[in-house]
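The structure file upload-v3.txt is reproduced below (compact mmCIF, C-alpha atoms).
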```
# COMPACT_ATOMS: atom_id res chain seq x y z
CA MET A 1 -25.66 17.29 15.00
CA THR A 2 -24.31 16.58 11.52
CA THR A 3 -23.85 12.91 10.61
CA THR A 4 -21.45 11.98 7.82
CA SER A 5 -23.07 9.66 5.29
CA VAL A 6 -21.68 6.21 4.60
CA GLY A 7 -21.12 7.22 0.97
CA THR A 8 -18.97 10.17 1.98
CA LEU A 9 -16.95 7.99 4.34
CA LEU A 10 -16.44 5.28 1.71
CA ARG A 11 -15.36 7.82 -0.87
CA ALA A 12 -12.83 9.27 1.59
CA TRP A 13 -11.38 5.79 2.23
CA ARG A 14 -11.24 5.03 -1.50
CA GLU A 15 -9.44 8.28 -2.24
CA ARG A 16 -7.11 7.67 0.69
CA ARG A 17 -6.18 4.34 -0.88
CA GLY A 18 -5.67 6.01 -4.25
CA ILE A 19 -7.95 3.74 -6.29
CA SER A 20 -10.74 4.51 -8.76
CA GLN A 21 -14.40 3.58 -8.51
CA LEU A 22 -13.86 1.10 -11.34
CA GLU A 23 -10.97 -0.60 -9.54
CA LEU A 24 -12.91 -0.81 -6.29
CA ALA A 25 -15.90 -2.24 -8.14
CA GLY A 26 -13.70 -4.97 -9.58
CA ARG A 27 -12.32 -5.84 -6.17
CA ALA A 28 -15.79 -5.93 -4.60
CA ASP A 29 -17.52 -7.81 -7.43
CA SER A 30 -19.76 -4.83 -8.10
CA SER A 31 -20.04 -2.12 -10.77
CA ALA A 32 -18.59 1.36 -10.98
CA ARG A 33 -22.15 2.66 -11.39
CA HIS A 34 -23.23 1.10 -8.09
CA ILE A 35 -20.13 2.38 -6.29
CA SER A 36 -20.91 5.85 -7.63
CA PHE A 37 -24.52 5.63 -6.46
CA VAL A 38 -23.38 4.53 -2.98
CA GLU A 39 -20.84 7.36 -2.69
CA THR A 40 -23.34 10.02 -3.80
CA GLY A 41 -26.11 8.71 -1.58
CA ARG A 42 -28.39 7.62 -4.44
CA SER A 43 -28.18 4.00 -3.26
CA ARG A 44 -28.07 2.60 0.28
CA PRO A 45 -25.55 -0.25 0.45
CA SER A 46 -26.50 -3.50 2.15
CA GLU A 47 -24.71 -4.49 5.34
CA ASP A 48 -22.80 -7.12 3.38
CA MET A 49 -21.74 -4.55 0.79
CA VAL A 50 -20.50 -2.13 3.47
CA LEU A 51 -18.37 -4.86 5.01
CA ARG A 52 -17.12 -6.03 1.62
CA LEU A 53 -16.08 -2.54 0.57
CA ALA A 54 -14.44 -1.97 3.95
CA ASP A 55 -12.49 -5.19 3.53
CA ARG A 56 -11.35 -4.31 0.00
CA LEU A 57 -10.30 -0.85 1.20
CA ASP A 58 -8.47 -2.32 4.21
CA VAL A 59 -10.43 -0.11 6.61
CA PRO A 60 -9.41 -0.56 10.27
CA VAL A 61 -11.87 -2.56 12.38
CA ARG A 62 -12.85 0.44 14.53
CA GLU A 63 -13.71 2.43 11.39
CA ARG A 64 -15.74 -0.47 9.96
CA ASN A 65 -18.11 -0.03 12.88
CA ALA A 66 -18.36 3.66 12.00
CA LEU A 67 -19.25 2.78 8.39
CA LEU A 68 -21.96 0.38 9.55
CA LEU A 69 -23.46 2.97 11.87
CA ALA A 70 -23.43 5.60 9.12
CA ALA A 71 -25.29 3.16 6.86
CA GLY A 72 -27.91 2.51 9.55
CA TYR A 73 -26.67 -0.87 10.75
CA ALA A 74 -25.50 -2.08 14.14
CA PRO A 75 -21.74 -2.31 14.78
CA ARG A 76 -20.35 -5.73 13.92
CA TYR A 77 -17.12 -5.68 15.95
CA ALA A 78 -16.98 -5.71 19.76
CA HIS A 79 -14.64 -3.47 21.75
CA THR A 80 -13.79 -5.67 24.73
CA PRO A 81 -11.52 -4.28 27.48
CA LEU A 82 -8.27 -6.21 27.66
CA ASP A 83 -8.83 -6.92 31.35
CA ALA A 84 -12.24 -8.52 30.71
CA PRO A 85 -12.62 -12.20 31.70
CA GLU A 86 -13.15 -13.25 28.09
CA MET A 87 -9.72 -11.84 27.23
CA ALA A 88 -7.94 -14.07 29.78
CA ALA A 89 -6.61 -16.51 27.17
CA LEU A 90 -5.28 -13.64 25.05
CA ARG A 91 -3.57 -12.00 28.02
CA GLU A 92 -1.98 -15.29 29.04
CA GLY A 93 -0.75 -15.91 25.51
CA LEU A 94 0.80 -12.47 25.29
CA GLU A 95 2.56 -12.88 28.65
CA ARG A 96 3.96 -16.25 27.61
CA LEU A 97 5.18 -14.78 24.33
CA LEU A 98 6.93 -11.86 26.04
CA THR A 99 8.51 -14.10 28.67
CA ALA A 100 9.76 -16.55 26.04
CA TYR A 101 11.52 -13.67 24.26
CA GLU A 102 13.63 -12.76 27.29
CA PRO A 103 16.35 -11.65 27.79
CA TYR A 104 15.60 -9.62 24.66
CA PRO A 105 13.17 -6.69 25.08
CA ALA A 106 9.54 -7.02 23.94
CA LEU A 107 6.29 -5.19 24.70
CA VAL A 108 2.66 -4.90 23.64
CA VAL A 109 1.01 -1.53 22.93
CA ASP A 110 -2.49 -0.45 21.97
CA GLY A 111 -3.57 1.96 19.25
CA THR A 112 -2.26 5.01 21.11
CA TYR A 113 1.02 3.36 22.20
CA THR A 114 -0.10 2.73 25.77
CA VAL A 115 1.98 -0.18 27.08
CA VAL A 116 -0.34 -3.04 28.05
CA ALA A 117 2.38 -5.64 28.70
CA ALA A 118 6.18 -5.77 28.72
CA ASN A 119 8.94 -8.18 29.67
CA ARG A 120 12.06 -7.83 31.83
CA GLY A 121 14.14 -6.81 28.82
CA ILE A 122 12.05 -3.66 28.53
CA ALA A 123 12.23 -3.08 32.29
CA MET A 124 16.02 -3.20 32.01
CA LEU A 125 16.04 -0.47 29.35
CA LEU A 126 13.70 1.74 31.40
CA ASP A 127 15.76 1.52 34.58
CA GLY A 128 16.50 4.96 35.98
CA LEU A 129 14.02 6.99 33.93
CA ALA A 130 12.03 9.87 35.43
CA GLU A 131 9.30 8.56 37.74
CA HIS A 132 6.52 10.58 36.10
CA LEU A 133 7.18 8.77 32.82
CA LEU A 134 6.95 5.36 34.50
CA ALA A 135 3.66 6.07 36.28
CA PRO A 136 0.76 4.09 34.74
CA PRO A 137 -0.38 4.21 32.08
CA LEU A 138 3.03 4.02 30.41
CA ASN A 139 3.21 5.35 26.88
CA ALA A 140 5.92 3.95 24.60
CA MET A 141 6.27 7.06 22.43
CA ARG A 142 6.42 9.40 25.40
CA ILE A 143 8.99 7.24 27.20
CA THR A 144 11.16 6.97 24.08
CA LEU A 145 11.21 10.61 22.95
CA HIS A 146 10.84 12.59 26.17
CA PRO A 147 14.02 14.48 27.25
CA GLU A 148 13.78 12.73 30.64
CA GLY A 149 13.09 9.38 29.02
CA LEU A 150 15.19 7.25 26.71
CA ALA A 151 16.00 10.10 24.30
CA PRO A 152 19.31 11.11 25.96
CA ARG A 153 20.46 7.47 25.82
CA ILE A 154 19.65 6.96 22.13
CA ARG A 155 22.81 7.44 20.09
CA ASN A 156 21.02 7.87 16.74
CA LEU A 157 18.18 9.94 18.21
CA GLY A 158 17.69 12.04 15.08
CA GLN A 159 17.14 9.01 12.87
CA TRP A 160 15.03 7.11 15.39
CA ARG A 161 12.88 10.14 16.21
CA ALA A 162 12.20 10.77 12.51
CA HIS A 163 11.29 7.10 12.05
CA LEU A 164 8.82 7.10 14.97
CA LEU A 165 7.17 10.37 13.94
CA ALA A 166 6.76 9.11 10.37
CA GLN A 167 5.26 5.88 11.71
CA MET A 168 2.72 7.82 13.77
CA ASP A 169 1.93 10.10 10.85
CA ARG A 170 1.08 7.09 8.68
CA GLN A 171 -1.19 5.70 11.39
CA ILE A 172 -2.99 9.02 11.78
CA ALA A 173 -3.68 8.99 8.04
CA LEU A 174 -5.35 5.57 8.42
CA ALA A 175 -7.35 6.18 11.58
CA ARG A 176 -9.41 9.14 12.73
CA SER A 177 -7.94 9.24 16.22
CA ALA A 178 -7.89 12.52 18.10
CA ALA A 179 -5.90 10.87 20.89
CA LEU A 180 -3.21 9.70 18.48
CA ARG A 181 -3.03 13.15 16.87
CA ALA A 182 -2.65 14.78 20.30
CA LEU A 183 0.12 12.35 21.22
CA TYR A 184 1.92 13.06 17.95
CA GLU A 185 1.78 16.81 18.54
CA GLU A 186 3.06 16.35 22.09
CA VAL A 187 6.08 14.17 21.30
CA ALA A 188 6.95 16.08 18.12
CA ALA A 189 7.28 19.23 20.25
CA TYR A 190 9.82 17.71 22.64
CA PRO A 191 13.20 19.49 22.42
CA VAL A 192 15.98 17.49 20.80
CA ASP A 193 19.69 18.08 20.17
CA HIS A 194 20.93 17.74 16.59
CA PRO A 195 17.76 16.00 15.32
CA GLY A 196 19.20 15.21 11.91
CA THR A 197 22.39 13.39 12.86
CA ASP A 198 23.72 10.62 15.05
CA ARG A 199 24.47 12.19 18.44
CA PHE A 200 27.69 10.24 18.92
CA PRO A 201 30.15 8.63 16.53
CA ALA A 202 30.03 4.86 16.25
CA GLU A 203 32.69 3.09 18.25
CA GLU A 204 35.12 0.66 16.76
CA GLY A 205 33.64 -2.83 17.01
CA GLY A 206 30.73 -3.83 19.21
CA ALA A 207 27.29 -2.34 18.69
CA GLY A 208 28.61 0.65 16.76
CA ALA A 209 29.85 -1.55 13.94
CA ASP A 210 26.49 -2.82 12.71
CA ASP A 211 26.89 -1.58 9.13
CA ALA A 212 25.56 -4.85 7.73
CA VAL A 213 22.33 -4.45 9.69
CA SER A 214 22.10 -0.75 8.85
CA ALA A 215 22.01 -1.69 5.18
CA ILE A 216 18.73 -3.58 5.61
CA ALA A 217 17.02 -1.93 8.60
CA LEU A 218 17.42 1.15 10.80
CA PRO A 219 18.93 -0.01 14.10
CA LEU A 220 18.11 1.51 17.46
CA ARG A 221 21.42 2.35 19.14
CA ILE A 222 20.97 2.92 22.85
CA GLU A 223 23.22 3.13 25.89
CA HIS A 224 22.66 1.02 28.99
CA ASP A 225 24.92 1.18 32.01
CA GLY A 226 27.90 2.25 29.90
CA GLN A 227 27.26 -0.37 27.19
CA LEU A 228 26.22 0.55 23.66
CA LEU A 229 23.44 -1.74 22.50
CA SER A 230 22.02 -2.09 19.01
CA PHE A 231 18.58 -3.46 18.12
CA VAL A 232 16.36 -4.01 15.12
CA SER A 233 12.68 -3.50 15.83
CA SER A 234 9.95 -5.82 14.56
CA ILE A 235 6.21 -5.17 14.95
CA ALA A 236 3.51 -7.85 14.68
CA THR A 237 -0.28 -7.49 14.70
CA PHE A 238 -3.12 -10.00 14.84
CA ASN A 239 -4.42 -11.56 11.63
CA THR A 240 -8.17 -11.26 10.92
CA PRO A 241 -9.11 -9.65 14.27
CA MET A 242 -12.82 -9.54 15.13
CA ASP A 243 -12.54 -7.17 18.09
CA VAL A 244 -11.45 -3.52 18.06
CA THR A 245 -9.16 -3.98 21.07
CA VAL A 246 -7.38 -6.95 19.51
CA ALA A 247 -7.13 -5.22 16.13
CA GLU A 248 -5.27 -2.28 17.66
CA LEU A 249 -2.72 -4.31 19.64
CA ALA A 250 0.85 -4.42 18.35
CA ILE A 251 3.68 -6.63 19.62
CA GLU A 252 7.11 -5.01 19.28
CA THR A 253 10.24 -7.09 19.71
CA LEU A 254 13.79 -5.76 19.77
CA LEU A 255 16.21 -8.17 18.13
CA PRO A 256 19.93 -7.76 18.91
CA ALA A 257 21.62 -6.33 15.83
CA ASP A 258 25.08 -7.64 16.69
CA PRO A 259 26.74 -10.39 18.77
CA ALA A 260 27.92 -7.92 21.42
CA THR A 261 24.37 -6.84 22.24
CA ALA A 262 23.12 -10.43 22.40
CA LYS A 263 26.02 -11.44 24.67
CA TYR A 264 25.46 -8.50 26.99
CA LEU A 265 21.76 -9.22 27.40
CA ARG A 266 22.39 -12.90 28.09
CA SER A 267 24.99 -11.95 30.69
CA LEU A 268 22.41 -10.09 32.74
CA GLY A 269 20.77 -13.36 33.71
CA PRO A 270 17.13 -13.91 34.66
```

Structure translated into structure tokens:
Amino acid sequence: MTTTSVGTLLRAWRERRGISQLELAGRADSSARHISFVETGRSRPSEDMVLRLADRLDVPVRERNALLLAAGYAPRYAHTPLDAPEMAALREGLERLLTAYEPYPALVVDGTYTVVAANRGIAMLLDGLAEHLLAPPLNAMRITLHPEGLAPRIRNLGQWRAHLLAQMDRQIALARSAALRALYEEVAAYPVDHPGTDRFPAEEGGAGADDAVSAIALPLRIEHDGQLLSFVSSIATFNTPMDVTVAELAIETLLPADPATAKYLRSLGP
């Protein structure tokens, strides 16, 4: 079995970030000569140096463990299942956050877009979808882009699909995830009508008239029970995570992009 050296991995991350050995040395309080020796295998970096370089290169937590292993050190970051007892406080906090955001939709996904928690706003949007898409584990990308999922309800499917695929492509470039690559290839192959244009013209007034929002962020325009809704998506991650599971969680909230959408959601009640 061939094992990739820590120097080769660090060089790949440095080149991915588009910085020189000299620039990295300055960031890590080292020298370009030492960085060169580490990358070529002439010098074995200390555990502290591996972690410092990983930090300066903004390497994902999961990949920091891989760097440590390649350098001959034990992994530093745990990978605790979300349903473990020690994650109880985190789970409770996420549930309270999602509930507090109602009636607006919000959900939590992991590094491969598996839905680990969602509120009633999300449940409302998913009402009536194909049963096989709603069987656990739910996957946010699959539900959104599948022809039997939300895709037929998304008015600006071409724009939203391109946005999601570009988002996944950026993540694949940052993480060596075979599962994420397989998901990308699956959803990118789904058939779609008129992928480059808005599927329906914007109506006069209501959610179709969100030009002000469109100027600053791409809205998600989606139909629900005959009503055209418009949302702006926001994604939050944890700051300074020390666990792989926590590092890969993302909280997505859908903010109403116009008064009509906000009013409609509030009218649905608890």

Selection near Leu90 of chain A, 12 Å with all atoms listed in the file, sequence-local residues under 6 positions removed, as a PyMOL selection string
chain A and resi 80-84+96-97+108+117+238+243+245-246+249

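Close contacts of Arg17 of chain A, defined as residues with an atom at most 12 Å away when counting all atoms listed in the file, with chain neighbours fewer than 4 positions off set aside, comprise Leu10, Arg11, Ala12, Trp13, Gln21, Glu23, Leu24, Ala54, Arg56, Leu57, Asp58, Val59, Ala173 and Leu174 of chain A.
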
Dump as a PDB file, in the coordinates of the input, selection limited to C-alpha atoms:
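Written output follows (selection10.pdb):
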```pdb
ATOM      1  CA  LEU A  10     -16.440   5.280   1.710  1.00  0.00           C
ATOM      2  CA  ARG A  11     -15.360   7.820  -0.870  1.00  0.00           C
ATOM      3  CA  ALA A  12     -12.830   9.270   1.590  1.00  0.00           C
ATOM      4  CA  TRP A  13     -11.380   5.790   2.230  1.00  0.00           C
ATOM      5  CA  GLN A  21     -14.400   3.580  -8.510  1.00  0.00           C
ATOM      6  CA  GLU A  23     -10.970  -0.600  -9.540  1.00  0.00           C
ATOM      7  CA  LEU A  24     -12.910  -0.810  -6.290  1.00  0.00           C
ATOM      8  CA  ALA A  54     -14.440  -1.970   3.950  1.00  0.00           C
ATOM      9  CA  ARG A  56     -11.350  -4.310   0.000  1.00  0.00           C
ATOM     10  CA  LEU A  57     -10.300  -0.850   1.200  1.00  0.00           C
ATOM     11  CA  ASP A  58      -8.470  -2.320   4.210  1.00  0.00           C
ATOM     12  CA  VAL A  59     -10.430  -0.110   6.610  1.00  0.00           C
ATOM     13  CA  ALA A 173      -3.680   8.990   8.040  1.00  0.00           C
ATOM     14  CA  LEU A 174      -5.350   5.570   8.420  1.00  0.00           C
TER      15      LEU A 174
END
```

Leaving out Thr240 of chain A and any residue of its chain fewer than 6 positions from it, which residues lie within 12 Å of it when counting all atoms listed in the file, given as a VMD selection string?
chain A and resid 55 58 60 to 61 77 246 to 248

Which polymer residues have any atom within 10 Å of an atom of segment 220-227 of chain A, counting all atoms listed in the file, with same-chain residues fewer than 2 positions away left out, as number ranges by chain?
A: 124-127, 150-157, 159-160, 198, 202, 206-208, 210, 214, 217-218, 229-233, 254-257, 260-261, 264

Generate the output file for the selected residues, C-alpha atoms, as a PDB file, in the coordinates of the input.
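Resulting contents of result.pdb:
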```pdb
ATOM      1  CA  MET A 124      16.020  -3.200  32.010  1.00  0.00           C
ATOM      2  CA  LEU A 125      16.040  -0.470  29.350  1.00  0.00           C
ATOM      3  CA  LEU A 126      13.700   1.740  31.400  1.00  0.00           C
ATOM      4  CA  ASP A 127      15.760   1.520  34.580  1.00  0.00           C
ATOM      5  CA  LEU A 150      15.190   7.250  26.710  1.00  0.00           C
ATOM      6  CA  ALA A 151      16.000  10.100  24.300  1.00  0.00           C
ATOM      7  CA  PRO A 152      19.310  11.110  25.960  1.00  0.00           C
ATOM      8  CA  ARG A 153      20.460   7.470  25.820  1.00  0.00           C
ATOM      9  CA  ILE A 154      19.650   6.960  22.130  1.00  0.00           C
ATOM     10  CA  ARG A 155      22.810   7.440  20.090  1.00  0.00           C
ATOM     11  CA  ASN A 156      21.020   7.870  16.740  1.00  0.00           C
ATOM     12  CA  LEU A 157      18.180   9.940  18.210  1.00  0.00           C
ATOM     13  CA  GLN A 159      17.140   9.010  12.870  1.00  0.00           C
ATOM     14  CA  TRP A 160      15.030   7.110  15.390  1.00  0.00           C
ATOM     15  CA  ASP A 198      23.720  10.620  15.050  1.00  0.00           C
ATOM     16  CA  ALA A 202      30.030   4.860  16.250  1.00  0.00           C
ATOM     17  CA  GLY A 206      30.730  -3.830  19.210  1.00  0.00           C
ATOM     18  CA  ALA A 207      27.290  -2.340  18.690  1.00  0.00           C
ATOM     19  CA  GLY A 208      28.610   0.650  16.760  1.00  0.00           C
ATOM     20  CA  ASP A 210      26.490  -2.820  12.710  1.00  0.00           C
ATOM     21  CA  SER A 214      22.100  -0.750   8.850  1.00  0.00           C
ATOM     22  CA  ALA A 217      17.020  -1.930   8.600  1.00  0.00           C
ATOM     23  CA  LEU A 218      17.420   1.150  10.800  1.00  0.00           C
ATOM     24  CA  LEU A 229      23.440  -1.740  22.500  1.00  0.00           C
ATOM     25  CA  SER A 230      22.020  -2.090  19.010  1.00  0.00           C
ATOM     26  CA  PHE A 231      18.580  -3.460  18.120  1.00  0.00           C
ATOM     27  CA  VAL A 232      16.360  -4.010  15.120  1.00  0.00           C
ATOM     28  CA  SER A 233      12.680  -3.500  15.830  1.00  0.00           C
ATOM     29  CA  LEU A 254      13.790  -5.760  19.770  1.00  0.00           C
ATOM     30  CA  LEU A 255      16.210  -8.170  18.130  1.00  0.00           C
ATOM     31  CA  PRO A 256      19.930  -7.760  18.910  1.00  0.00           C
ATOM     32  CA  ALA A 257      21.620  -6.330  15.830  1.00  0.00           C
ATOM     33  CA  ALA A 260      27.920  -7.920  21.420  1.00  0.00           C
ATOM     34  CA  THR A 261      24.370  -6.840  22.240  1.00  0.00           C
ATOM     35  CA  TYR A 264      25.460  -8.500  26.990  1.00  0.00           C
TER      36      TYR A 264
END
```

Might you pull out every residue within 9 Å of segment 130-136 of chain A, with only C-alpha atoms counted and same-chain residues fewer than 6 positions away left off, and present them as a ChimeraX atom specification?
/A:115,142-143,146,148-149

Write to file, as a short mmCIF file (atom, residue, chain, number, x, y, z; two decimals), keeping the file's coordinate frame, the residues of the selection just made, with C-alpha atoms.
```
data_model
loop_
_atom_site.label_atom_id
_atom_site.label_comp_id
_atom_site.auth_asym_id
_atom_site.auth_seq_id
_atom_site.Cartn_x
_atom_site.Cartn_y
_atom_site.Cartn_z
CA VAL A 115 1.98 -0.18 27.08
CA ARG A 142 6.42 9.40 25.40
CA ILE A 143 8.99 7.24 27.20
CA HIS A 146 10.84 12.59 26.17
CA GLU A 148 13.78 12.73 30.64
CA GLY A 149 13.09 9.38 29.02
#
```

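Between atom CA of Arg176 of chain A and atom CA of Val244 of chain A lies a distance of 13.9 Å.
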
Would you work out the distance separating atom CA of Val50 of chain A from atom CA of Leu67 of chain A, expressed in Å to one decimal?
7.1 Å

For atom CA of Ile35 of chain A and atom CA of Ala66 of chain A, the interatomic separation in Å (one decimal)
18.4 Å

Given all atoms listed in the file as the counted atoms, nearest of A:Ala74, A:Met141, A:Ala175, A:Leu98 to Ile122 of chain A:
A:Leu98

Restricting to all atoms listed in the file, whichever of A:Asp193, A:Asp110, A:Pro75, A:Val6 is closest to Ala179 of chain A is A:Asp110

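With distances restricted to all atoms listed in the file, A:Asn119 is the closest residue to Glu95 of chain A from A:Asn119, A:Ser177, A:Thr237, A:Ser43.
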
Segment 162-172 of chain A, all listed atoms, 8 Å padding on each side: what axis-aligned box centre and edge lengths in Å to one decimal come out, as AutoDock Vina command-line options?
```
--center_x 4.6 --center_y 8.2 --center_z 11.8 --size_x 31.2 --size_y 21.1 --size_z 22.3
```

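Proximity to Arg120 of chain A was assessed for A:Leu138, A:Tyr101, A:Ser30, A:Gly158 counting all atoms listed in the file; the smallest distance is recorded for A:Tyr101.
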
Hey, which of A:Thr8, A:Asn65, A:Thr144, A:Thr114 ends up closest to Thr40 of chain A? Count only C-alpha atoms.
A:Thr8

Polymer residues at most 7 Å from (10.0, -5.4, 19.3) by only C-alpha atoms, as a ChimeraX atom specification
/A:105-107,233-235,251-255

Take the residues from that selection and put them in a file with C-alpha atoms, as a CSV table (one decimal), in the coordinates of the input.
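Saved as result.csv:
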```
chain,number,residue,atom,x,y,z
A,105,PRO,CA,13.2,-6.7,25.1
A,106,ALA,CA,9.5,-7.0,23.9
A,107,LEU,CA,6.3,-5.2,24.7
A,233,SER,CA,12.7,-3.5,15.8
A,234,SER,CA,10.0,-5.8,14.6
A,235,ILE,CA,6.2,-5.2,15.0
A,251,ILE,CA,3.7,-6.6,19.6
A,252,GLU,CA,7.1,-5.0,19.3
A,253,THR,CA,10.2,-7.1,19.7
A,254,LEU,CA,13.8,-5.8,19.8
A,255,LEU,CA,16.2,-8.2,18.1
```
